[in-house]
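Visitor: My structure is in data27.tsv, and what it holds is TSV, C-alpha atoms:
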chain	number	residue	atom	x	y	z
R	453	MET	CA	0.00	0.00	0.00
R	454	LYS	CA	2.79	2.40	0.90
R	455	GLU	CA	4.54	1.57	-2.37
R	456	GLU	CA	1.39	2.42	-4.35
R	457	ILE	CA	1.04	5.78	-2.59
R	458	LYS	CA	4.69	6.50	-3.16
R	459	ASP	CA	4.36	5.73	-6.87
R	460	LYS	CA	1.33	8.05	-7.19
R	461	ILE	CA	3.13	10.90	-5.42
R	462	THR	CA	6.13	10.43	-7.72
R	463	SER	CA	3.88	10.50	-10.80
R	464	VAL	CA	2.18	13.71	-9.64
R	465	ILE	CA	5.53	15.39	-8.98
R	466	LEU	CA	6.85	14.38	-12.42
R	467	PHE	CA	3.65	15.66	-14.06
R	468	LEU	CA	3.96	19.01	-12.27
R	469	ILE	CA	7.60	19.32	-13.30
R	470	ILE	CA	6.72	18.68	-16.95
R	471	ILE	CA	3.90	21.26	-16.83
R	472	GLY	CA	6.28	23.79	-15.28
R	473	ILE	CA	8.94	23.27	-17.93
R	474	PHE	CA	6.38	23.56	-20.73
R	475	SER	CA	4.92	26.77	-19.27
R	476	ALA	CA	8.37	28.31	-18.92
R	477	LEU	CA	9.14	27.52	-22.55
R	478	VAL	CA	5.92	29.18	-23.71
R	479	VAL	CA	6.61	32.35	-21.70
R	480	PHE	CA	10.21	32.49	-22.93
R	481	SER	CA	9.06	32.12	-26.56
R	482	ILE	CA	6.61	35.01	-26.25
R	483	ILE	CA	9.26	37.28	-24.72
R	484	ALA	CA	11.78	36.29	-27.37
R	485	ILE	CA	9.35	37.08	-30.17
R	486	GLN	CA	8.60	40.49	-28.67
R	487	GLU	CA	12.23	41.35	-28.04
R	488	PHE	CA	13.95	40.05	-31.12
R	489	SER	CA	11.33	40.04	-33.84
R	490	GLY	CA	9.40	43.20	-33.06
R	491	ARG	CA	6.65	44.66	-35.20
R	492	ASN	CA	7.56	46.04	-38.63
R	493	LYS	CA	5.48	48.70	-40.34
R	494	GLU	CA	6.03	50.74	-43.45
R	495	LEU	CA	4.34	54.06	-44.13
R	496	ALA	CA	4.00	54.84	-47.81
R	497	PHE	CA	3.82	58.53	-48.61
R	498	ALA	CA	2.99	58.93	-52.29
R	499	GLU	CA	3.77	62.58	-52.82
R	500	THR	CA	3.76	63.79	-56.40
R	501	SER	CA	4.44	67.14	-57.94
R	502	LYS	CA	2.20	70.20	-58.01
R	503	ASN	CA	-0.12	70.30	-61.00
R	504	ILE	CA	0.95	73.61	-62.53
R	505	SER	CA	-0.31	74.89	-65.88
R	506	ASN	CA	0.77	77.67	-68.20
R	507	SER	CA	-1.37	80.52	-69.45
R	508	GLU	CA	-2.96	78.27	-72.03
R	509	GLY	CA	-4.02	75.81	-69.35
R	510	GLU	CA	-1.84	72.73	-69.89
R	511	LYS	CA	-0.38	70.77	-67.01
R	512	THR	CA	3.31	71.07	-66.30
R	513	VAL	CA	3.60	67.82	-64.33
R	514	GLU	CA	2.15	64.36	-64.59
R	515	ASP	CA	0.23	64.13	-61.31
R	516	ASP	CA	-1.44	66.27	-58.70
R	517	ILE	CA	0.12	66.59	-55.28
R	518	GLU	CA	-1.89	64.72	-52.71
R	519	ALA	CA	-1.50	64.54	-48.96
R	520	PRO	CA	0.30	61.26	-48.17
R	521	GLU	CA	-1.77	58.31	-47.05
R	522	ILE	CA	-0.51	55.96	-44.34
R	523	VAL	CA	-0.36	52.40	-45.66
R	524	GLU	CA	0.68	49.68	-43.23
R	525	ASN	CA	2.77	46.74	-44.44
R	526	PRO	CA	2.67	47.37	-48.20
R	527	ILE	CA	5.67	45.02	-48.40
R	528	ASN	CA	5.38	41.49	-47.05
R	529	LYS	CA	8.96	41.36	-45.86
R	530	ILE	CA	10.91	44.31	-44.48
R	531	GLU	CA	14.53	43.58	-43.67
R	532	LYS	CA	15.62	44.84	-40.28
R	533	THR	CA	17.98	47.76	-40.62
R	534	SER	CA	21.09	47.83	-38.49
R	535	ASN	CA	21.04	51.63	-38.14
R	536	THR	CA	19.41	52.55	-34.84
R	537	SER	CA	21.40	55.71	-34.19
R	538	THR	CA	20.02	59.09	-33.23
R	539	ASN	CA	21.99	60.98	-35.91
R	540	ASP	CA	19.96	64.13	-36.60
R	541	TYR	CA	22.32	65.33	-39.37
R	542	SER	CA	22.95	68.51	-37.37
R	543	SER	CA	26.40	68.82	-38.97
R	544	VAL	CA	24.68	69.41	-42.33
R	545	LYS	CA	24.30	73.17	-42.68
R	546	VAL	CA	21.30	74.33	-44.69
R	547	ASP	CA	20.14	77.90	-45.31
R	548	GLN	CA	17.28	77.66	-47.78
R	549	TYR	CA	14.06	79.64	-47.96
R	550	PHE	CA	11.52	76.87	-47.39
R	551	TYR	CA	13.82	74.85	-45.10
R	552	ASN	CA	13.92	77.77	-42.69
R	553	GLN	CA	10.13	77.54	-42.29
R	554	LEU	CA	10.13	73.88	-41.20
R	555	ASP	CA	9.73	72.49	-37.70
R	556	GLU	CA	12.88	70.84	-36.33
R	557	GLN	CA	11.50	67.32	-36.89
R	558	ALA	CA	10.92	68.09	-40.59
R	559	ARG	CA	14.35	69.72	-40.80
R	560	ILE	CA	15.98	66.42	-39.74
R	561	ILE	CA	14.38	64.71	-42.73
R	562	TYR	CA	15.36	67.56	-45.07
R	563	ARG	CA	18.97	67.44	-43.82
R	564	ALA	CA	18.99	63.68	-44.37
R	565	PHE	CA	18.08	64.26	-48.02
R	566	GLU	CA	20.79	66.89	-48.36
R	567	SER	CA	23.40	64.70	-46.66
R	568	ASN	CA	22.62	61.78	-48.97
R	569	LYS	CA	22.14	63.74	-52.21
R	570	GLU	CA	24.94	61.96	-54.03
R	571	GLN	CA	23.88	58.48	-52.86
R	572	MET	CA	20.25	59.13	-53.83
R	573	LYS	CA	21.31	59.20	-57.49
R	574	THR	CA	21.24	55.39	-57.38
R	575	GLY	CA	17.50	55.51	-56.70
R	576	THR	CA	17.80	52.59	-54.30
R	577	TYR	CA	19.93	54.02	-51.50
R	578	GLN	CA	18.25	53.72	-48.11
R	579	ILE	CA	18.19	57.01	-46.18
R	580	GLU	CA	18.56	56.32	-42.47
R	581	LEU	CA	16.74	58.47	-39.94
R	582	GLY	CA	17.47	56.17	-36.99
R	583	THR	CA	15.61	56.52	-33.71
R	584	ASN	CA	15.13	60.30	-33.85
R	585	PHE	CA	11.37	59.95	-33.89
R	586	SER	CA	10.88	57.30	-31.19
R	587	GLU	CA	9.42	59.75	-28.69
R	588	LEU	CA	7.07	61.19	-31.32
R	589	LEU	CA	5.94	57.76	-32.50
R	590	SER	CA	5.30	56.64	-28.94
R	591	SER	CA	2.76	59.42	-28.51
R	592	GLU	CA	-0.86	59.40	-29.63
R	593	GLY	CA	-1.15	60.35	-33.30
R	594	GLY	CA	2.62	60.13	-33.72
R	595	GLN	CA	2.52	58.33	-37.08
R	596	GLU	CA	0.23	60.91	-38.61
R	597	LYS	CA	2.39	63.72	-37.24
R	598	LEU	CA	5.53	62.14	-38.68
R	599	GLY	CA	3.72	61.88	-42.00
R	600	GLU	CA	3.09	65.62	-41.92
R	601	TYR	CA	6.75	66.33	-41.13
R	602	TYR	CA	7.85	64.07	-43.97
R	603	GLN	CA	5.47	65.70	-46.42
R	604	SER	CA	6.61	69.21	-45.47
R	605	ALA	CA	10.29	68.21	-45.68
R	606	ILE	CA	10.08	66.69	-49.14
R	607	GLU	CA	8.02	69.61	-50.45
R	608	ALA	CA	10.51	72.14	-49.12
R	609	TYR	CA	13.44	70.12	-50.46
R	610	THR	CA	11.91	69.90	-53.93
R	611	TYR	CA	11.14	73.62	-54.16
R	612	ASP	CA	14.45	74.74	-52.63
R	613	ASN	CA	16.65	72.56	-54.85
R	614	ALA	CA	15.90	72.86	-58.56
R	615	GLU	CA	19.03	70.85	-59.32
R	616	VAL	CA	17.51	67.66	-57.88
R	617	PHE	CA	15.45	67.07	-61.00
R	618	TYR	CA	15.81	63.28	-61.07
R	619	LEU	CA	13.92	62.27	-57.91
R	620	SER	CA	10.32	61.05	-57.98
R	621	PRO	CA	8.91	61.71	-54.50
R	622	LYS	CA	5.81	59.63	-55.23
R	623	LYS	CA	8.10	56.55	-55.36
R	624	MET	CA	9.75	57.23	-51.98
R	625	TYR	CA	8.50	55.41	-48.88
R	626	LEU	CA	8.93	56.26	-45.22
R	627	ASN	CA	9.37	53.10	-43.18
R	628	ILE	CA	8.80	52.64	-39.46
R	629	GLU	CA	10.33	49.60	-37.80
R	630	ALA	CA	9.18	49.01	-34.21
R	631	THR	CA	11.07	46.77	-31.78
R	632	THR	CA	9.62	46.00	-28.33
R	633	LYS	CA	11.74	44.95	-25.37
R	634	GLY	CA	10.19	44.39	-21.99
R	635	GLY	CA	7.29	46.71	-22.74
R	636	ASP	CA	9.46	49.53	-24.19
R	637	THR	CA	9.19	50.18	-27.93
R	638	THR	CA	11.93	51.75	-30.03
R	639	TYR	CA	11.18	53.04	-33.52
R	640	ASN	CA	13.73	52.98	-36.32
R	641	VAL	CA	12.81	55.12	-39.34
R	642	TYR	CA	14.23	55.04	-42.86
R	643	ILE	CA	13.30	56.03	-46.42
R	644	ASN	CA	13.63	53.79	-49.45
R	645	SER	CA	11.89	52.91	-52.72
R	646	GLY	CA	9.52	50.42	-51.09
R	647	LYS	CA	8.10	48.05	-53.68
R	648	GLU	CA	9.27	50.31	-56.53
R	649	ALA	CA	12.40	49.44	-58.50
R	650	ASN	CA	13.83	52.86	-57.56
R	651	TYR	CA	12.70	56.38	-56.66
R	652	LEU	CA	14.02	58.06	-59.81
R	653	THR	CA	12.01	59.65	-62.60
R	654	GLU	CA	11.34	57.64	-65.75
R	655	GLU	CA	13.68	59.88	-67.77
R	656	PHE	CA	16.70	59.27	-65.51
R	657	SER	CA	16.63	55.72	-64.19
R	658	SER	CA	20.33	55.26	-63.33
R	659	LYS	CA	23.16	57.13	-61.66
R	660	GLU	CA	25.11	57.10	-64.93
R	661	ALA	CA	22.24	58.81	-66.77
R	662	ILE	CA	21.90	61.39	-63.99
R	663	ASP	CA	25.61	62.22	-63.92
R	664	GLN	CA	25.63	62.64	-67.70
R	665	ALA	CA	22.58	64.94	-67.52
R	666	ILE	CA	24.18	67.01	-64.74
R	667	SER	CA	27.34	67.36	-66.83
R	668	GLN	CA	25.28	68.67	-69.76
R	669	ILE	CA	23.40	71.11	-67.52
R	670	GLU	CA	26.62	72.40	-66.00
R	671	GLN	CA	28.15	72.99	-69.42
R	672	VAL	CA	25.19	75.21	-70.33
R	673	LYS	CA	25.30	76.91	-66.93
R	674	ASN	CA	28.99	77.71	-67.29
R	675	GLN	CA	28.42	79.18	-70.75
R	676	ILE	CA	25.71	81.44	-69.36
R	677	LEU	CA	27.49	82.52	-66.20
R	678	GLN	CA	30.72	83.42	-67.98
R	679	ASN	CA	28.77	86.50	-69.09
R	680	LYS	CA	27.97	87.64	-65.56
R	681	LYS	CA	28.63	91.30	-64.85
R	682	GLY	CA	28.96	91.24	-61.08
R	683	ASN	CA	26.05	93.66	-60.93
R	684	THR	CA	22.92	92.08	-59.43
R	685	TYR	CA	20.43	93.83	-61.71
R	686	GLU	CA	22.46	93.09	-64.85
R	687	ASP	CA	22.94	89.46	-63.85
R	688	ILE	CA	19.21	88.94	-63.21
R	689	LYS	CA	18.46	90.51	-66.60
R	690	MET	CA	21.09	88.33	-68.28
R	691	VAL	CA	19.49	85.14	-66.96
R	692	HIS	CA	15.98	86.38	-67.78
R	693	ASP	CA	16.98	87.26	-71.36
R	694	TYR	CA	18.86	84.02	-71.93
R	695	LEU	CA	15.87	81.89	-70.93
R	696	ILE	CA	13.29	83.71	-73.03
R	697	ASP	CA	15.66	83.94	-76.02
R	698	THR	CA	16.64	80.26	-76.06
R	699	ILE	CA	13.64	78.30	-74.73
R	700	ASP	CA	10.66	77.31	-76.85
R	701	TYR	CA	7.42	76.84	-74.97
R	702	GLU	CA	6.41	73.18	-75.30
R	703	SER	CA	2.66	73.24	-75.85
R	704	THR	CA	2.06	69.61	-76.84
R	705	LEU	CA	3.10	68.21	-73.42
R	706	SER	CA	4.34	65.15	-75.29
R	707	LYS	CA	8.06	65.53	-74.72
R	708	GLU	CA	10.29	64.50	-71.83
R	709	ASN	CA	11.73	66.78	-69.14
R	710	ILE	CA	9.47	69.74	-69.89
R	711	TYR	CA	9.01	70.37	-66.16
R	712	ASN	CA	12.65	70.58	-65.05
R	713	ILE	CA	15.96	72.31	-65.63
R	714	TYR	CA	17.21	69.65	-68.06
R	715	GLY	CA	14.36	70.40	-70.43
R	716	ALA	CA	14.85	74.15	-70.02
R	717	LEU	CA	18.64	74.32	-70.36
R	718	VAL	CA	19.62	71.30	-72.46
R	719	ASN	CA	16.58	70.50	-74.61
R	720	ARG	CA	15.47	74.15	-74.55
R	721	GLU	CA	11.83	73.15	-74.51
R	722	CYS	CA	9.66	73.32	-71.41
R	723	VAL	CA	6.54	74.68	-69.76
R	724	CYS	CA	6.23	77.28	-67.01
R	725	GLU	CA	7.60	75.07	-64.23
R	726	GLY	CA	10.73	74.45	-66.30
R	727	TYR	CA	11.20	78.19	-66.86
R	728	ALA	CA	10.76	78.93	-63.13
R	729	ARG	CA	13.08	76.15	-61.97
R	730	ALA	CA	15.79	77.12	-64.46
R	731	PHE	CA	15.57	80.78	-63.41
R	732	LYS	CA	15.99	79.81	-59.75
R	733	TYR	CA	18.80	77.33	-60.51
R	734	LEU	CA	20.88	79.95	-62.33
R	735	LEU	CA	20.28	82.70	-59.78
R	736	ASP	CA	21.20	80.27	-56.98
R	737	GLU	CA	24.51	79.76	-58.78
R	738	LEU	CA	24.96	83.56	-58.77
R	739	ASP	CA	24.09	83.75	-55.04
R	740	ILE	CA	21.09	85.95	-55.80
R	741	PRO	CA	18.12	85.08	-53.53
R	742	CYS	CA	15.33	83.61	-55.62
R	743	VAL	CA	12.16	81.65	-54.78
R	744	MET	CA	9.89	79.57	-57.00
R	745	ILE	CA	6.23	80.59	-56.69
R	746	ILE	CA	3.15	78.52	-57.51
R	747	GLY	CA	-0.42	79.65	-57.79
R	748	THR	CA	-2.80	80.76	-60.51
R	749	ALA	CA	-2.71	83.40	-63.22
R	750	THR	CA	-5.42	84.91	-65.41
R	751	ASN	CA	-4.48	85.54	-69.02
R	752	SER	CA	-5.73	88.21	-71.42
R	753	GLN	CA	-8.58	85.95	-72.51
R	754	GLY	CA	-9.84	85.80	-68.94
R	755	ASN	CA	-8.84	82.17	-68.37
R	756	THR	CA	-7.43	81.40	-64.92
R	757	GLU	CA	-4.97	78.51	-64.80
R	758	ASN	CA	-2.35	77.03	-62.49
R	759	HIS	CA	1.02	78.68	-63.03
R	760	ALA	CA	4.63	79.00	-61.79
R	761	TRP	CA	6.91	82.05	-61.64
R	762	ASN	CA	9.60	83.57	-59.35
R	763	TYR	CA	10.35	86.19	-56.72
R	764	VAL	CA	13.88	87.60	-56.66
R	765	GLN	CA	15.63	89.90	-54.19
R	766	LEU	CA	17.35	93.04	-55.41
R	767	ASN	CA	18.77	95.82	-53.21
R	768	GLY	CA	16.96	94.48	-50.17
R	769	ASN	CA	13.53	94.32	-51.83
R	770	TRP	CA	11.66	91.44	-53.48
R	771	TYR	CA	10.22	91.63	-57.01
R	772	ALA	CA	8.34	89.22	-59.26
R	773	VAL	CA	9.68	87.78	-62.52
R	774	ASP	CA	7.60	85.63	-64.88
R	775	THR	CA	9.91	84.37	-67.62
R	776	THR	CA	7.16	82.25	-69.16
R	777	TRP	CA	4.83	85.18	-69.74
R	778	ASP	CA	7.75	87.31	-70.93
R	779	ASP	CA	8.23	84.67	-73.66
R	780	PRO	CA	4.76	84.58	-75.24
R	781	VAL	CA	3.92	82.21	-78.07
R	782	ILE	CA	3.39	84.41	-81.12
R	783	ILE	CA	0.64	83.04	-83.32
R	784	GLY	CA	1.86	82.94	-86.92
R	785	GLY	CA	5.50	83.33	-85.88
R	786	GLY	CA	7.52	86.46	-85.32
R	787	THR	CA	9.11	87.85	-82.16
R	788	ALA	CA	7.72	89.59	-79.10
R	789	SER	CA	8.11	93.33	-78.71
R	790	GLU	CA	10.54	94.78	-76.18
R	791	GLU	CA	7.58	95.88	-74.08
R	792	SER	CA	6.22	92.32	-73.99
R	793	LYS	CA	9.66	90.92	-73.24
R	794	TYR	CA	9.90	92.85	-69.96
R	795	LYS	CA	6.24	93.12	-68.98
R	796	TYR	CA	6.77	90.81	-65.98
R	797	PHE	CA	10.42	91.54	-65.23
R	798	LEU	CA	11.12	92.81	-61.70
R	799	VAL	CA	7.56	93.97	-61.15
R	800	GLY	CA	6.05	94.79	-57.77
R	801	ALA	CA	2.89	93.63	-56.03
R	802	ASP	CA	0.81	96.37	-57.63
R	803	VAL	CA	1.41	94.82	-61.06
R	804	ILE	CA	1.84	91.08	-60.49
R	805	ASN	CA	-1.16	90.76	-58.18
R	806	GLN	CA	-3.46	92.06	-60.90
R	807	ASP	CA	-3.37	88.72	-62.73
R	808	HIS	CA	-1.25	86.38	-60.54
R	809	SER	CA	-2.34	84.83	-57.24
R	810	SER	CA	0.24	82.87	-55.22
R	811	SER	CA	-0.47	79.82	-53.05
R	812	GLY	CA	1.95	78.61	-50.41
R	813	GLN	CA	0.12	75.33	-49.87
R	814	PHE	CA	1.74	72.80	-52.19
R	815	THR	CA	-0.56	69.90	-51.25
R	816	GLU	CA	-4.13	69.72	-50.08
R	817	GLY	CA	-4.00	69.59	-46.30
R	818	GLY	CA	-0.24	70.16	-46.33
R	819	LYS	CA	1.80	72.89	-44.67
R	820	THR	CA	1.19	76.42	-45.90
R	821	PHE	CA	4.53	78.07	-46.62
R	822	SER	CA	4.95	81.83	-46.76
R	823	TYR	CA	6.49	83.77	-49.62
R	824	PRO	CA	8.58	86.96	-49.39
R	825	ASN	CA	6.69	90.23	-49.18
R	826	LEU	CA	6.93	91.97	-52.53
R	827	ASN	CA	7.79	95.60	-52.93
R	828	ASN	CA	4.64	97.40	-54.06
R	829	ALA	CA	6.22	99.29	-56.92
R	830	ASN	CA	8.24	97.90	-59.84
R	831	TYR	CA	12.03	98.04	-59.72
R	832	THR	CA	13.48	101.07	-61.44
R	833	ASN	CA	17.06	100.91	-62.60
In structure tokens, write the structure found in this file.
Guide:
Amino acid sequence: MKEEIKDKITSVILFLIIIGIFSALVVFSIIAIQEFSGRNKELAFAETSKNISNSEGEKTVEDDIEAPEIVENPINKIEKTSNTSTNDYSSVKVDQYFYNQLDEQARIIYRAFESNKEQMKTGTYQIELGTNFSELLSSEGGQEKLGEYYQSAIEAYTYDNAEVFYLSPKKMYLNIEATTKGGDTTYNVYINSGKEANYLTEEFSSKEAIDQAISQIEQVKNQILQNKKGNTYEDIKMVHDYLIDTIDYESTLSKENIYNIYGALVNRECVCEGYARAFKYLLDELDIPCVMIIGTATNSQGNTENHAWNYVQLNGNWYAVDTTWDDPVIIGGGTASEESKYKYFLVGADVINQDHSSSGQFTEGGKTFSYPNLNNANYTN
């Protein structure tokens, strides 16, 4: 009888030991999954370019800008990045008009673009933002707020840097990788091409093509700038005259690069956005403050269309320049009169605001940027 009781007690003890070991293994597995696997999310921000038209009403880009939508897990597998640093790119010095209007969180993203400008020519380079946004992402609504910062940063970067003509922001994805350890979550953020082959435009799909295009642009730029006078007014006029004398307005919208500086300076065919970007690019090279403006304009036929032009600073004041409208398409051929050629050259608010209306909001629901305050009167030399 004692032996039977002893055997039963032994069996119960062994059973309890087995249950204990099994339970411990289950708990350990759960912790290990949380700590080492984490939760991976990717936010896809499909930001395209502003839909700008010329005075005749054609688009100057392929797509409308839209506020980015948050899309979770658009890629089935996201490889864990090894970069979990808090590098905020503070060593990258930027002094650009739209950059200076950004919140610090958006400036980090902008500086990351600037720091990796050369590497981004590959179209596949992953831009690391590290754990800078962990505190933000741990707060309520943090993902949406980061989306707003990202949107503002890429808009500012695009409008500040006309020379980055080869990037397609709508093909760039902001990824959030979350790793949980003992109840604490760390967020690693990076930007890549997501499920796209790359984040380059269709016209320039390789670093080699981009470098060749940049070389061509710089050859034209050097030819233009060798004629600089060292006088701000004369240099602005030189650039203005060169663009309207050499560029043909591309009204069919069927050709490549009509929205960027390559089309304006190398192909010499573009629409209003190409004129405005080329004007800014060349004045940036001359260290003359210049801003690209978007909005609407009403032509002599009373048609109001989306449009792009520039503001430029001269002797401490800002004036408007519209190189597109100073280069009108003459029906039946011929050339524009001298009066037409300078109708929108260094004009003040009293003139430009009669038929131009600027908008600092590049995307619906996006940040509203401010433009310089124009001098009321035209510049007089």
Visitor: (25.9, 81.7, -71.1) in this file's frame - what residues fall within 12 Å of it? Use all atoms listed in the file and give the answer as a list in words.
Guide: Ile669, Glu670, Gln671, Val672, Lys673, Asn674, Gln675, Ile676, Leu677, Gln678, Asn679, Lys680, Lys681, Asp687, Met690, Val691, His692, Asp693, Tyr694, Leu695, Asp697, Thr698, Leu717 and Leu734 of chain R
Visitor: Could you tell me which of R:Tyr771, R:Phe585, R:Tyr609, R:Phe821 comes closest to Asp547 in chain R if we count only C-alpha atoms?
Guide: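 Looking only at the distances to Asp547 in chain R, the closest residue turns out to be R:Tyr609.
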Visitor: Could you build a table of the residues in range 619-680 of chain R lying no more than 12 Å from range 552-565 of chain R, giving for each the nearest pair of atoms and their separation in Å rounded to one decimal place, using all atoms listed in the file, ordered by chain and ascending residue number, as a Markdown table?
Guide:
| residue | atom | partner | partner_atom | distance |
| --- | --- | --- | --- | --- |
| R:Leu619 | CA | R:Phe565 | CA | 10.9 |
| R:Pro621 | CA | R:Phe565 | CA | 11.5 |
| R:Met624 | CA | R:Phe565 | CA | 11.6 |
| R:Leu626 | CA | R:Ile561 | CA | 10.4 |
| R:Val641 | CA | R:Ile561 | CA | 10.3 |
| R:Tyr642 | CA | R:Ile561 | CA | 9.7 |
| R:Ile643 | CA | R:Ile561 | CA | 9.5 |
| R:Asn644 | CA | R:Phe565 | CA | 11.5 |
Visitor: Which distance in Å separates CA of Thr832 in chain R and CA of Lys689 in chain R, to one decimal?
Guide: 12.8 Å
Visitor: Measure the distance from CA of Val544 in chain R to CA of Phe656 in chain R in Å and round it to one decimal.
Guide: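 Interatomic distance, CA of Val544 in chain R to CA of Phe656 in chain R: 26.5 Å.
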Visitor: Could you state the separation of CA of Gly812 in chain R and CA of Asn767 in chain R in Å, given to one decimal place?
Guide: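 We find that CA of Gly812 in chain R and CA of Asn767 in chain R lie 24.2 Å from each other.
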Visitor: Using all atoms listed in the file, which protein or nucleic acid residues come within 12 Å of Asn833 in chain R? Drop anything in the same chain fewer than 4 positions from it, and give the result as an NGL selection string.
Guide: :R and (683-686 or 689 or 766-767 or 797-799)
Visitor: Please produce a file of those selected residues containing C-alpha atoms, as a PDB file, keeping the file's coordinate frame.
Guide:
ATOM      1  CA  ASN R 683      26.050  93.660 -60.930  1.00  0.00           C
ATOM      2  CA  THR R 684      22.920  92.080 -59.430  1.00  0.00           C
ATOM      3  CA  TYR R 685      20.430  93.830 -61.710  1.00  0.00           C
ATOM      4  CA  GLU R 686      22.460  93.090 -64.850  1.00  0.00           C
ATOM      5  CA  LYS R 689      18.460  90.510 -66.600  1.00  0.00           C
ATOM      6  CA  LEU R 766      17.350  93.040 -55.410  1.00  0.00           C
ATOM      7  CA  ASN R 767      18.770  95.820 -53.210  1.00  0.00           C
ATOM      8  CA  PHE R 797      10.420  91.540 -65.230  1.00  0.00           C
ATOM      9  CA  LEU R 798      11.120  92.810 -61.700  1.00  0.00           C
ATOM     10  CA  VAL R 799       7.560  93.970 -61.150  1.00  0.00           C
TER      11      VAL R 799
END
Visitor: Within 10 Å of (21.1, 54.9, -45.1) (file coordinates; only C-alpha atoms), which protein or nucleic acid residues are there? I'd like them as a list in words.
Guide: Thr533, Ser534, Asn535, Ala564, Asn568, Gln571, Met572, Tyr577, Gln578, Ile579, Glu580, Leu581, Gly582, Tyr642, Ile643 and Asn644 of chain R
Visitor: For range 692-704 of chain R, supply N, CA and C atoms and report the output as a JSON list (two decimals), keeping the file's coordinate frame.
Guide:
[["chain", "number", "residue", "atom", "x", "y", "z"],
["R", 692, "HIS", "N", 17.33, 86.21, -67.24],
["R", 692, "HIS", "CA", 15.98, 86.38, -67.78],
["R", 692, "HIS", "C", 16.02, 86.36, -69.31],
["R", 693, "ASP", "N", 16.91, 87.15, -69.90],
["R", 693, "ASP", "CA", 16.98, 87.26, -71.36],
["R", 693, "ASP", "C", 17.42, 85.95, -71.99],
["R", 694, "TYR", "N", 18.38, 85.29, -71.36],
["R", 694, "TYR", "CA", 18.86, 84.02, -71.93],
["R", 694, "TYR", "C", 17.71, 83.01, -72.02],
["R", 695, "LEU", "N", 16.95, 82.88, -70.95],
["R", 695, "LEU", "CA", 15.87, 81.89, -70.93],
["R", 695, "LEU", "C", 14.81, 82.18, -71.99],
["R", 696, "ILE", "N", 14.37, 83.43, -72.08],
["R", 696, "ILE", "CA", 13.29, 83.71, -73.03],
["R", 696, "ILE", "C", 13.80, 83.73, -74.48],
["R", 697, "ASP", "N", 15.10, 83.94, -74.66],
["R", 697, "ASP", "CA", 15.66, 83.94, -76.02],
["R", 697, "ASP", "C", 15.96, 82.53, -76.53],
["R", 698, "THR", "N", 16.20, 81.59, -75.62],
["R", 698, "THR", "CA", 16.64, 80.26, -76.06],
["R", 698, "THR", "C", 15.59, 79.17, -75.89],
["R", 699, "ILE", "N", 14.62, 79.35, -75.00],
["R", 699, "ILE", "CA", 13.64, 78.30, -74.73],
["R", 699, "ILE", "C", 12.42, 78.47, -75.63],
["R", 700, "ASP", "N", 11.95, 77.35, -76.15],
["R", 700, "ASP", "CA", 10.66, 77.31, -76.85],
["R", 700, "ASP", "C", 9.63, 76.72, -75.90],
["R", 701, "TYR", "N", 8.49, 77.38, -75.82],
["R", 701, "TYR", "CA", 7.42, 76.84, -74.97],
["R", 701, "TYR", "C", 6.89, 75.57, -75.60],
["R", 702, "GLU", "N", 6.84, 74.49, -74.80],
["R", 702, "GLU", "CA", 6.41, 73.18, -75.30],
["R", 702, "GLU", "C", 4.91, 73.01, -75.02],
["R", 703, "SER", "N", 4.11, 73.23, -76.04],
["R", 703, "SER", "CA", 2.66, 73.24, -75.85],
["R", 703, "SER", "C", 1.99, 71.89, -76.03],
["R", 704, "THR", "N", 2.70, 70.91, -76.59],
["R", 704, "THR", "CA", 2.06, 69.61, -76.84],
["R", 704, "THR", "C", 2.05, 68.72, -75.60]]
